[in-house]
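With compact mmCIF, C-alpha atoms and all ligand atoms inside, this is target_35.txt:
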# COMPACT_ATOMS: atom_id res chain seq x y z
CA MET Y 1 96.52 102.04 97.92
CA THR Y 2 95.32 103.86 101.03
CA LEU Y 3 93.28 102.74 104.01
CA THR Y 4 91.33 105.75 105.21
CA TYR Y 5 89.65 106.00 108.59
CA ARG Y 6 88.56 108.77 110.91
CA THR Y 7 90.14 107.17 114.00
CA VAL Y 8 92.33 104.13 114.65
CA PHE Y 9 93.03 102.46 118.01
CA VAL Y 10 95.96 100.06 118.40
CA SER Y 11 97.35 98.52 121.59
CA ASP Y 12 99.76 95.95 122.99
CA VAL Y 13 102.37 95.93 120.24
CA HIS Y 14 105.11 95.04 122.76
CA LEU Y 15 108.04 96.31 120.68
CA GLY Y 16 111.19 94.87 122.20
CA CYS Y 17 109.66 91.41 122.35
CA ARG Y 18 110.65 88.88 119.73
CA ALA Y 19 106.95 88.04 119.26
CA ALA Y 20 106.01 91.64 118.37
CA ARG Y 21 104.67 91.62 114.82
CA ALA Y 22 106.40 94.86 113.84
CA LYS Y 23 106.59 94.11 110.10
CA ALA Y 24 102.85 93.52 109.84
CA LEU Y 25 102.21 96.71 111.79
CA ASN Y 26 104.59 98.61 109.51
CA ARG Y 27 102.63 97.51 106.46
CA PHE Y 28 99.40 98.70 108.08
CA LEU Y 29 100.90 102.05 109.15
CA LYS Y 30 102.38 102.54 105.69
CA HIS Y 31 98.98 102.44 103.96
CA LEU Y 32 97.04 104.09 106.77
CA ARG Y 33 95.56 107.58 106.65
CA CYS Y 34 93.52 108.78 109.62
CA GLU Y 35 92.67 111.95 111.48
CA ARG Y 36 93.46 110.54 114.91
CA LEU Y 37 95.59 107.58 115.96
CA TYR Y 38 95.37 106.20 119.49
CA LEU Y 39 98.21 104.07 120.88
CA VAL Y 40 96.38 102.36 123.71
CA GLY Y 41 99.40 101.25 125.75
CA ASP Y 42 102.08 98.56 125.89
CA VAL Y 43 103.52 99.82 122.60
CA ILE Y 44 107.07 99.32 123.86
CA ASP Y 45 107.72 96.47 126.27
CA MET Y 46 110.15 98.09 128.66
CA TRP Y 47 109.92 95.14 131.05
CA ARG Y 48 111.28 92.88 128.36
CA LEU Y 49 113.96 95.34 127.29
CA LYS Y 50 115.31 95.36 130.85
CA SER Y 51 116.03 91.63 130.75
CA LYS Y 52 116.75 90.84 127.09
CA TRP Y 53 117.32 93.44 124.42
CA HIS Y 54 115.63 92.64 121.13
CA TRP Y 55 115.39 95.68 118.91
CA PRO Y 56 115.63 94.96 115.16
CA GLU Y 57 115.26 97.64 112.48
CA SER Y 58 111.57 96.81 111.98
CA HIS Y 59 110.87 97.95 115.55
CA ASN Y 60 112.58 101.27 114.86
CA ARG Y 61 110.55 101.63 111.71
CA VAL Y 62 107.28 101.41 113.68
CA LEU Y 63 108.36 104.36 115.82
CA ARG Y 64 109.48 106.32 112.76
CA ARG Y 65 106.17 105.70 111.02
CA LEU Y 66 104.26 106.83 114.10
CA LEU Y 67 106.27 110.07 114.12
CA ASP Y 68 105.65 110.42 110.37
CA HIS Y 69 101.91 110.15 110.93
CA SER Y 70 102.10 112.91 113.50
CA LYS Y 71 104.24 115.05 111.15
CA HIS Y 72 101.71 114.66 108.36
CA GLY Y 73 98.79 115.94 110.37
CA THR Y 74 97.47 112.88 112.22
CA GLU Y 75 96.73 113.57 115.86
CA VAL Y 76 98.69 110.80 117.61
CA ILE Y 77 97.77 110.11 121.25
CA PHE Y 78 99.78 107.68 123.37
CA LEU Y 79 98.20 106.26 126.55
CA PRO Y 80 101.01 104.34 128.32
CA GLY Y 81 100.26 100.86 129.67
CA ASN Y 82 101.91 98.87 132.41
CA HIS Y 83 104.67 97.59 130.13
CA ASP Y 84 105.61 101.11 129.10
CA GLU Y 85 104.77 102.73 132.41
CA ALA Y 86 108.13 104.55 132.38
CA ALA Y 87 106.41 106.85 129.86
CA ARG Y 88 103.82 107.70 132.51
CA GLN Y 89 106.19 110.30 133.98
CA PHE Y 90 105.66 112.22 130.72
CA ILE Y 91 101.88 112.36 130.97
CA GLY Y 92 100.72 115.72 129.71
CA ALA Y 93 103.87 116.17 127.60
CA GLU Y 94 104.34 115.91 123.86
CA PHE Y 95 107.13 114.24 121.87
CA GLY Y 96 107.46 114.86 118.15
CA GLY Y 97 103.80 115.79 118.10
CA ILE Y 98 102.76 112.64 119.99
CA HIS Y 99 100.63 113.50 123.01
CA VAL Y 100 101.12 111.41 126.15
CA ARG Y 101 97.99 111.06 128.27
CA ALA Y 102 96.78 108.79 131.08
CA LEU Y 103 93.36 108.53 129.49
CA ASP Y 104 91.31 110.33 126.92
CA VAL Y 105 87.72 110.74 125.84
CA HIS Y 106 87.10 110.20 122.17
CA GLU Y 107 83.90 111.47 120.60
CA THR Y 108 82.77 109.52 117.53
CA LEU Y 109 81.29 111.33 114.56
CA ASP Y 110 77.81 110.24 115.68
CA GLY Y 111 78.38 111.75 119.13
CA ARG Y 112 79.22 108.74 121.29
CA LYS Y 113 81.77 109.54 124.01
CA LEU Y 114 84.29 106.76 124.66
CA LEU Y 115 86.79 106.46 127.49
CA VAL Y 116 90.16 105.44 126.02
CA THR Y 117 92.74 103.90 128.37
CA HIS Y 118 95.07 100.88 128.50
CA GLY Y 119 93.14 99.43 131.43
CA ASP Y 120 95.79 97.79 133.65
CA GLN Y 121 94.62 99.97 136.57
CA PHE Y 122 91.43 97.87 136.53
CA ASP Y 123 93.37 94.61 136.65
CA ILE Y 124 92.92 93.83 140.34
CA VAL Y 125 94.20 90.28 140.29
CA VAL Y 126 97.67 91.39 139.26
CA ARG Y 127 98.35 89.63 135.96
CA SER Y 128 97.26 86.27 137.28
CA GLY Y 129 97.41 83.45 134.77
CA ARG Y 130 97.04 85.31 131.50
CA LEU Y 131 98.57 82.17 130.05
CA LEU Y 132 95.82 79.90 131.26
CA PRO Y 133 93.04 80.94 128.90
CA MET Y 134 95.60 80.68 126.07
CA LEU Y 135 96.21 77.06 126.97
CA GLY Y 136 92.75 76.47 125.57
CA ALA Y 137 91.03 73.24 124.77
CA GLN Y 138 94.10 71.50 123.37
CA GLY Y 139 96.15 72.07 126.49
CA TYR Y 140 93.21 70.83 128.48
CA ASN Y 141 93.01 67.60 126.44
CA LEU Y 142 96.73 67.10 126.91
CA LEU Y 143 96.28 67.40 130.64
CA LEU Y 144 93.44 64.88 130.54
CA ALA Y 145 95.82 62.46 128.83
CA ALA Y 146 98.52 63.18 131.42
CA ASN Y 147 96.09 62.42 134.23
CA ARG Y 148 96.52 58.64 134.02
CA PRO Y 149 100.35 58.38 134.22
CA PHE Y 150 100.33 61.17 136.81
CA ASN Y 151 97.99 59.17 139.04
CA ALA Y 152 99.80 55.88 138.37
CA ILE Y 153 102.90 57.45 139.91
CA ARG Y 154 100.88 58.89 142.77
CA GLN Y 155 99.40 55.44 143.45
CA LYS Y 156 102.87 53.87 143.56
CA LEU Y 157 103.90 56.53 146.06
CA GLY Y 158 100.80 55.75 148.09
CA LEU Y 159 99.19 59.11 147.37
CA PRO Y 160 95.46 59.56 146.76
CA TYR Y 161 93.97 60.24 143.30
CA ALA Y 162 94.21 63.86 142.13
CA SER Y 163 92.82 65.38 138.95
CA LEU Y 164 95.34 67.46 137.05
CA SER Y 165 92.78 68.70 134.58
CA LYS Y 166 90.32 69.67 137.29
CA ARG Y 167 92.94 71.83 138.94
CA VAL Y 168 93.73 73.58 135.67
CA LYS Y 169 90.08 73.88 134.76
CA TYR Y 170 89.53 75.64 138.05
CA SER Y 171 92.36 78.07 137.25
CA VAL Y 172 91.07 78.68 133.73
CA LYS Y 173 87.66 79.43 135.16
CA ARG Y 174 89.22 81.83 137.61
CA ALA Y 175 91.18 83.48 134.79
CA CYS Y 176 87.97 83.87 132.78
CA THR Y 177 86.22 85.39 135.79
CA HIS Y 178 89.21 87.69 136.08
CA ILE Y 179 88.78 88.86 132.47
CA SER Y 180 85.09 89.47 132.93
CA ASN Y 181 85.83 91.39 136.16
CA PHE Y 182 88.29 93.55 134.26
CA GLU Y 183 85.73 94.31 131.58
CA GLU Y 184 82.95 94.96 134.10
CA LEU Y 185 85.11 97.39 136.09
CA LEU Y 186 86.10 99.34 133.00
CA MET Y 187 82.51 99.59 131.84
CA LEU Y 188 81.43 100.69 135.31
CA ASP Y 189 84.11 103.40 135.31
CA ALA Y 190 83.04 104.71 131.91
CA HIS Y 191 79.42 104.64 133.04
CA ASN Y 192 80.26 106.54 136.25
CA ARG Y 193 81.97 109.20 134.15
CA GLY Y 194 78.77 109.60 132.16
CA LEU Y 195 80.35 108.16 129.01
CA ASP Y 196 78.89 105.81 126.40
CA GLY Y 197 81.66 103.26 126.25
CA VAL Y 198 85.26 102.26 126.74
CA VAL Y 199 88.18 101.42 124.44
CA CYS Y 200 91.02 99.52 126.10
CA GLY Y 201 93.74 96.90 125.60
CA HIS Y 202 95.90 95.08 128.15
CA ILE Y 203 94.33 91.60 128.23
CA HIS Y 204 95.21 90.74 124.59
CA HIS Y 205 91.64 89.78 123.99
CA PRO Y 206 90.09 91.69 121.06
CA ALA Y 207 86.45 92.51 121.65
CA PHE Y 208 83.70 94.37 119.86
CA ARG Y 209 80.70 94.66 122.11
CA PRO Y 210 78.53 97.73 121.57
CA ARG Y 211 75.43 98.00 123.76
CA SER Y 212 73.32 97.81 120.63
CA LEU Y 213 74.34 94.14 120.42
CA PHE Y 214 74.80 93.53 124.17
CA PRO Y 215 71.98 95.44 125.86
CA GLN Y 216 72.76 93.89 129.26
CA GLN Y 217 76.00 95.92 129.41
CA LEU Y 218 76.18 99.32 131.09
CA VAL Y 219 78.09 100.84 128.15
CA ASP Y 220 79.88 99.85 124.89
CA TYR Y 221 83.01 97.73 125.36
CA TYR Y 222 85.84 97.61 122.81
CA ASN Y 223 89.23 95.97 123.23
CA CYS Y 224 91.95 96.62 120.63
CA GLY Y 225 93.53 93.17 121.07
CA ASP Y 226 97.28 92.87 120.40
CA TRP Y 227 100.09 92.60 117.83
CA MET Y 228 101.82 89.51 119.22
CA GLU Y 229 99.35 86.79 118.35
CA GLY Y 230 97.01 88.94 116.32
CA SER Y 231 96.97 92.12 114.25
CA SER Y 232 93.75 93.70 115.39
CA ALA Y 233 92.74 97.34 115.44
CA LEU Y 234 89.57 99.16 116.32
CA VAL Y 235 88.72 101.65 113.60
CA GLU Y 236 86.16 104.40 113.24
CA HIS Y 237 85.16 104.78 109.61
CA LEU Y 238 84.68 108.22 108.06
CA ASP Y 239 80.93 107.91 108.70
CA GLY Y 240 81.44 107.26 112.44
CA ARG Y 241 80.85 103.52 112.25
CA LEU Y 242 83.15 101.48 114.51
CA GLU Y 243 84.67 98.18 113.45
CA LEU Y 244 87.22 95.75 114.85
CA ILE Y 245 89.45 94.77 111.95
CA ASP Y 246 92.18 92.23 111.34
CA ALA Y 247 94.56 94.87 109.97
CA GLU Y 248 96.88 92.38 108.31
CA ALA Y 249 93.98 90.77 106.42
CA VAL Y 250 92.61 94.19 105.40
CA VAL Y 251 96.03 95.27 104.04
CA GLU Y 252 96.34 91.99 102.12
CA GLN Y 253 92.84 92.30 100.70
CA HIS Y 254 93.44 95.87 99.53
CA ARG Y 255 96.79 94.95 98.05
CA ALA Y 256 95.23 92.10 96.05
CA GLN Y 257 92.45 94.40 94.88
CA ALA Y 258 94.90 97.14 93.81
CA GLU Y 259 96.98 94.54 91.97
CA GLU Y 260 93.93 93.22 90.13
CA GLU Y 261 92.86 96.73 89.11
CA ALA Y 262 96.37 97.52 87.83
CA ASP Y 263 96.34 94.26 85.91
CA GLU Y 264 92.96 95.08 84.34
CA ALA Y 265 94.18 98.54 83.32
CA ALA Y 266 97.24 96.99 81.66
CA THR Y 267 95.08 94.50 79.73
CA ASP Y 268 92.80 97.30 78.53
CA GLU Y 269 95.84 99.08 77.09
CA ALA Y 270 96.97 95.96 75.29
CA GLN Y 271 93.64 95.58 73.45
CA PRO Y 272 93.55 97.12 69.91
CA SER Y 273 91.47 100.23 69.64
CA LEU Y 274 88.53 100.52 67.25
CA VAL Y 275 90.62 102.80 65.02
CA GLU Y 276 93.32 100.15 64.82
CA LEU Y 277 90.76 97.48 63.91
CA ILE Y 278 89.29 99.63 61.11
CA ALA Y 279 92.79 100.38 59.77
CA TYR Y 280 93.56 96.65 59.85
CA GLY Y 281 90.44 95.81 57.80
CA ARG Y 282 91.26 98.58 55.29
CA ILE Y 283 94.74 97.17 54.61
CA PHE Y 284 93.20 93.88 53.46
CA ALA Y 285 90.50 95.62 51.48
CA GLU Y 286 93.17 97.59 49.61
CA ALA Y 287 95.18 94.41 49.01
CA GLY Y 288 92.11 93.15 47.13
CA GLY Y 289 90.86 90.43 49.39
CA SER Y 290 89.83 89.25 52.79
CA PRO Y 291 92.24 88.47 55.63
CA PRO Y 292 94.09 85.18 54.94
CA VAL Y 293 92.29 81.95 55.78
CA ALA Y 294 94.16 78.90 56.97
CA ASP Y 295 95.31 76.79 53.96
CA ARG Y 296 93.14 73.70 53.50
CA THR Y 297 94.53 70.38 52.29
CA ASP Y 298 93.12 69.16 49.01
CA PRO Y 299 89.62 67.88 49.84
CA ALA Y 300 89.97 65.39 46.95
CA ASP Y 301 92.57 63.39 48.88
CA PRO Y 302 90.50 60.76 50.77
CA VAL Y 303 93.35 59.99 53.18
CA VAL Y 304 93.47 63.47 54.71
CA GLY Y 305 92.53 63.29 58.36
CA VAL Y 306 92.80 59.49 58.56
CA ILE Y 307 95.34 58.16 61.01
CA ARG Y 308 97.60 55.69 59.22
CA PRO Y 309 99.28 52.79 61.01
CA ALA Y 310 102.79 53.61 62.25
CA THR Y 311 105.43 52.82 59.66
CA GLU Y 312 109.19 52.50 59.83
CA PRO Y 313 111.01 55.33 58.16
CA GLY Y 314 111.80 54.46 54.58
CA GLY Y 315 109.17 51.73 54.24
CA ASP Y 316 105.43 51.84 53.72
CA ARG Y 317 104.59 48.53 55.40
CA PRO Y 318 103.44 48.52 59.05
CA ALA Y 319 106.14 47.76 61.66
CA THR Y 320 106.39 44.11 62.76
CA PRO Y 321 108.10 42.55 65.82
CA ASP Y 322 110.95 41.45 63.49
CA ASP Y 323 111.89 45.06 63.07
CA ALA Y 324 112.75 45.41 66.74
CA PRO Y 325 116.53 45.63 67.41
CA ASN Y 326 118.13 42.34 68.35
CA ARG Y 327 118.63 42.31 72.11
CA ALA Y 328 120.09 38.79 72.45
MN MN J 401 99.24 95.68 129.52

What's the structure tokens form of this structure?
Ligand SMILES: [Mn+2]
Amino acid sequence: MTLTYRTVFVSDVHLGCRAARAKALNRFLKHLRCERLYLVGDVIDMWRLKSKWHWPESHNRVLRRLLDHSKHGTEVIFLPGNHDEAARQFIGAEFGGIHVRALDVHETLDGRKLLVTHGDQFDIVVRSGRLLPMLGAQGYNLLLAANRPFNAIRQKLGLPYASLSKRVKYSVKRACTHISNFEELLMLDAHNRGLDGVVCGHIHHPAFRPRSLFPQQLVDYYNCGDWMEGSSALVEHLDGRLELIDAEAVVEQHRAQAEEEADEAATDEAQPSLVELIAYGRIFAEAGGSPPVADRTDPADPVVGVIRPATEPGGDRPATPDDAPNRA
């Protein structure tokens, strides 16, 4: 089973974090074949490694597989992000065939030029409340419920009413504005460079927004998402078509399909061939008859097929309550 693409973009794996979904990424990389593989930043979380080392074998395997891809002819390009900014001192260098660049321009098969970069340089509000949008509706409802006891205490302390949820809602709104600012700035930059779109990561918010679907945008906007909560990747198919995939789901789907095909092939083998069937018929013909038919009970016996009343062994009369063992 092989997943074949022209180009693959992956970002925000955060190896070194417990939440990094290295095993899922390994499965994807194992079946992947592509001409060019972009690592769009925050592949290794060096911030996290400074405070708490978490580096299981599966994280090593991701790095080994990336090097393998490069060894087997895939052009691997690494664009460091803010969490692996230590790698930025190696911009322009090459390690095991992996090229380190600050940004790159990728040209799709159909001639669209895309700016590829992690994107943190466009994050002006420095990492403010990335958690807030993740809180989502459920967190918001929880806060609504907490409002009452919160204000009961405030009242007892002689403090005026304050809305917890309103405060958070305001922050969420600001965080959302922040995301849209980030996207706008990136698109503006790509536009100013005379490019047709941008591929980035950083905000852990997968997005597939070509101008063909969003004509109000200056250029195409694609975000690779992340491998902590998700398993998304932007792929360019062999015909130049772009798609945002859930890589884990795609691997699973292909695995199930391959399994089914293998199963079908095995069943085909188990079926007797026409030659075998003819030979089988000939054996019976030579034996002077037709294949054996199930033996029928004498049709003269009128009782055949009739259910008789239950009888005790040894006697023909139907069982009566007297036959029950004495339980007294
Ligand atoms: Mn980042």

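Atom to atom, CA of Glu184 (chain Y) and CA of Ser212 (chain Y) stand 16.8 Å apart.
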
Between region 190-268 of chain Y and region 68-92 of chain Y, at 12 Å or less, what are the per-residue closest atom pairs and their distances in Å? Count all atoms listed in the file, order by chain and rising residue number, and return it as JSON lines.
{"residue": "Y:Val199", "atom": "CA", "partner": "Y:Leu79", "partner_atom": "CA", "distance": 11.3}
{"residue": "Y:Cys200", "atom": "CA", "partner": "Y:Leu79", "partner_atom": "CA", "distance": 9.9}
{"residue": "Y:Gly201", "atom": "CA", "partner": "Y:Gly81", "partner_atom": "CA", "distance": 8.6}
{"residue": "Y:His202", "atom": "CA", "partner": "Y:Gly81", "partner_atom": "CA", "distance": 7.4}
{"residue": "Y:Ile203", "atom": "CA", "partner": "Y:Gly81", "partner_atom": "CA", "distance": 11.1}

Test item: residues lying within 12 Å of ligand MN 401 (chain J) with only C-alpha atoms and all ligand atoms, as number ranges by chain: Y: 11-14, 40-47, 79-85, 117-123, 126-127, 130, 200-205, 223-226

Any chance you can output those residues with C-alpha atoms as a compact mmCIF listing (two decimals), keeping the file's coordinate frame?
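Dumped everything to again.txt:
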# COMPACT_ATOMS: atom_id res chain seq x y z
CA SER Y 11 97.35 98.52 121.59
CA ASP Y 12 99.76 95.95 122.99
CA VAL Y 13 102.37 95.93 120.24
CA HIS Y 14 105.11 95.04 122.76
CA VAL Y 40 96.38 102.36 123.71
CA GLY Y 41 99.40 101.25 125.75
CA ASP Y 42 102.08 98.56 125.89
CA VAL Y 43 103.52 99.82 122.60
CA ILE Y 44 107.07 99.32 123.86
CA ASP Y 45 107.72 96.47 126.27
CA MET Y 46 110.15 98.09 128.66
CA TRP Y 47 109.92 95.14 131.05
CA LEU Y 79 98.20 106.26 126.55
CA PRO Y 80 101.01 104.34 128.32
CA GLY Y 81 100.26 100.86 129.67
CA ASN Y 82 101.91 98.87 132.41
CA HIS Y 83 104.67 97.59 130.13
CA ASP Y 84 105.61 101.11 129.10
CA GLU Y 85 104.77 102.73 132.41
CA THR Y 117 92.74 103.90 128.37
CA HIS Y 118 95.07 100.88 128.50
CA GLY Y 119 93.14 99.43 131.43
CA ASP Y 120 95.79 97.79 133.65
CA GLN Y 121 94.62 99.97 136.57
CA PHE Y 122 91.43 97.87 136.53
CA ASP Y 123 93.37 94.61 136.65
CA VAL Y 126 97.67 91.39 139.26
CA ARG Y 127 98.35 89.63 135.96
CA ARG Y 130 97.04 85.31 131.50
CA CYS Y 200 91.02 99.52 126.10
CA GLY Y 201 93.74 96.90 125.60
CA HIS Y 202 95.90 95.08 128.15
CA ILE Y 203 94.33 91.60 128.23
CA HIS Y 204 95.21 90.74 124.59
CA HIS Y 205 91.64 89.78 123.99
CA ASN Y 223 89.23 95.97 123.23
CA CYS Y 224 91.95 96.62 120.63
CA GLY Y 225 93.53 93.17 121.07
CA ASP Y 226 97.28 92.87 120.40

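Relative to CA of Asp263 (chain Y), CA of Val250 (chain Y) is found at 19.8 Å.
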
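The neighbours of Asp220 (chain Y) here are the residues that come within 12 Å of it, using only C-alpha atoms and leaving out any residue fewer than 6 positions away in the same chain; they are Y:Arg112, Y:Lys113, Y:Leu114, Y:Leu115, Y:Val116, Y:Glu183, Y:Glu184, Y:Leu186, Y:Met187, Y:Leu188, Y:Asp189, Y:Ala190, Y:His191, Y:Leu195, Y:Asp196, Y:Gly197, Y:Val198, Y:Val199, Y:Cys200, Y:Ala207, Y:Phe208, Y:Arg209, Y:Pro210, Y:Arg211, Y:Ser212, Y:Leu213, Y:Phe214, Y:Leu242.
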
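Comparing Y:His99, Y:Arg64, Y:Arg18, Y:Arg282 by their smallest distance to Arg48 (chain Y), the closest is Y:Arg18 (using all atoms listed in the file).
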
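Of the residues listed (Y:Glu107, Y:Glu236, Y:Arg101, Y:Gly194), Y:Glu236 shows the shortest atom-to-atom separation from Arg33 (chain Y); distances use all atoms listed in the file.
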
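CA of Val10 (chain Y) lies 11.5 Å from CA of Leu66 (chain Y).
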
query: Smallest atom-to-atom distance to Trp55 (chain Y): which of Y:Ile153, Y:Ala20, Y:Ala266, Y:Leu67, using only C-alpha atoms?
result: Y:Ala20

With 5 Å added on each side, what axis-aligned box encloses every listed atom of region 83-96 of chain Y? Give the centre and edge lengths in Å to one decimal, as lines of an AutoDock Vina configuration file.
center_x = 104.4
center_y = 106.9
center_z = 126.1
size_x = 17.4
size_y = 28.6
size_z = 25.8

Using all atoms listed in the file, which protein or nucleic acid residues come within 7 Å of Cys34 (chain Y)? Drop anything in the same chain fewer than 5 positions from it, and give the result as a short mmCIF file (atom, residue, chain, number, x, y, z; two decimals) with C-alpha atoms, in the coordinates of the input.
data_model
loop_
_atom_site.label_atom_id
_atom_site.label_comp_id
_atom_site.auth_asym_id
_atom_site.auth_seq_id
_atom_site.Cartn_x
_atom_site.Cartn_y
_atom_site.Cartn_z
CA THR Y 4 91.33 105.75 105.21
CA TYR Y 5 89.65 106.00 108.59
CA ARG Y 6 88.56 108.77 110.91
CA THR Y 7 90.14 107.17 114.00
CA VAL Y 8 92.33 104.13 114.65
CA THR Y 74 97.47 112.88 112.22
#

Spatial neighbours of region 229-232 of chain Y, max dist 7 Å, only C-alpha atoms, sep filter under 4 positions, as a count of residues only: 7

- request: Place a sphere of radius 12 Å on (101.8, 103.5, 102.1) in the file coordinates and name every protein, DNA or RNA residue with an atom inside or on its surface, counting only C-alpha atoms; give the answer as an NGL selection string.
  value: :Y and (1-4 or 25-33 or 65 or 68-69 or 251 or 254-255)

query: So, counting only C-alpha atoms, which residue among Y:Gly16, Y:Leu39, Y:Ala146, Y:Ala24 is closest to Trp53 (chain Y)?
result: Y:Gly16

Kindly output region 99-114 of chain Y as a short mmCIF file (atom, residue, chain, number, x, y, z; two decimals), in the frame of the given file, after building N, CA and C atoms.
data_model
loop_
_atom_site.label_atom_id
_atom_site.label_comp_id
_atom_site.auth_asym_id
_atom_site.auth_seq_id
_atom_site.Cartn_x
_atom_site.Cartn_y
_atom_site.Cartn_z
N HIS Y 99 101.10 113.07 121.69
CA HIS Y 99 100.63 113.50 123.01
C HIS Y 99 100.57 112.33 123.96
N VAL Y 100 101.16 112.48 125.14
CA VAL Y 100 101.12 111.41 126.15
C VAL Y 100 100.04 111.75 127.18
N ARG Y 101 99.09 110.83 127.33
CA ARG Y 101 97.99 111.06 128.27
C ARG Y 101 97.71 109.80 129.07
N ALA Y 102 97.13 109.95 130.27
CA ALA Y 102 96.78 108.79 131.08
C ALA Y 102 95.52 108.15 130.51
N LEU Y 103 94.58 109.00 130.13
CA LEU Y 103 93.36 108.53 129.49
C LEU Y 103 92.81 109.65 128.65
N ASP Y 104 91.86 109.33 127.81
CA ASP Y 104 91.31 110.33 126.92
C ASP Y 104 89.84 110.01 126.69
N VAL Y 105 89.10 111.00 126.24
CA VAL Y 105 87.72 110.74 125.84
C VAL Y 105 87.62 111.04 124.35
N HIS Y 106 87.24 110.02 123.61
CA HIS Y 106 87.10 110.20 122.17
C HIS Y 106 85.62 110.31 121.82
N GLU Y 107 85.29 111.33 121.03
CA GLU Y 107 83.90 111.47 120.60
C GLU Y 107 83.79 111.02 119.15
N THR Y 108 82.95 110.01 118.90
CA THR Y 108 82.77 109.52 117.53
C THR Y 108 81.95 110.53 116.73
N LEU Y 109 81.98 110.39 115.43
CA LEU Y 109 81.29 111.33 114.56
C LEU Y 109 79.80 111.40 114.91
N ASP Y 110 79.25 110.23 115.33
CA ASP Y 110 77.81 110.24 115.68
C ASP Y 110 77.57 110.58 117.15
N GLY Y 111 78.60 111.16 117.81
CA GLY Y 111 78.38 111.75 119.13
C GLY Y 111 78.51 110.84 120.33
N ARG Y 112 79.01 109.61 120.14
CA ARG Y 112 79.22 108.74 121.29
C ARG Y 112 80.55 109.09 121.95
N LYS Y 113 80.55 109.20 123.29
CA LYS Y 113 81.77 109.54 124.01
C LYS Y 113 82.38 108.28 124.62
N LEU Y 114 83.63 108.00 124.23
CA LEU Y 114 84.29 106.76 124.66
C LEU Y 114 85.52 107.05 125.51
#
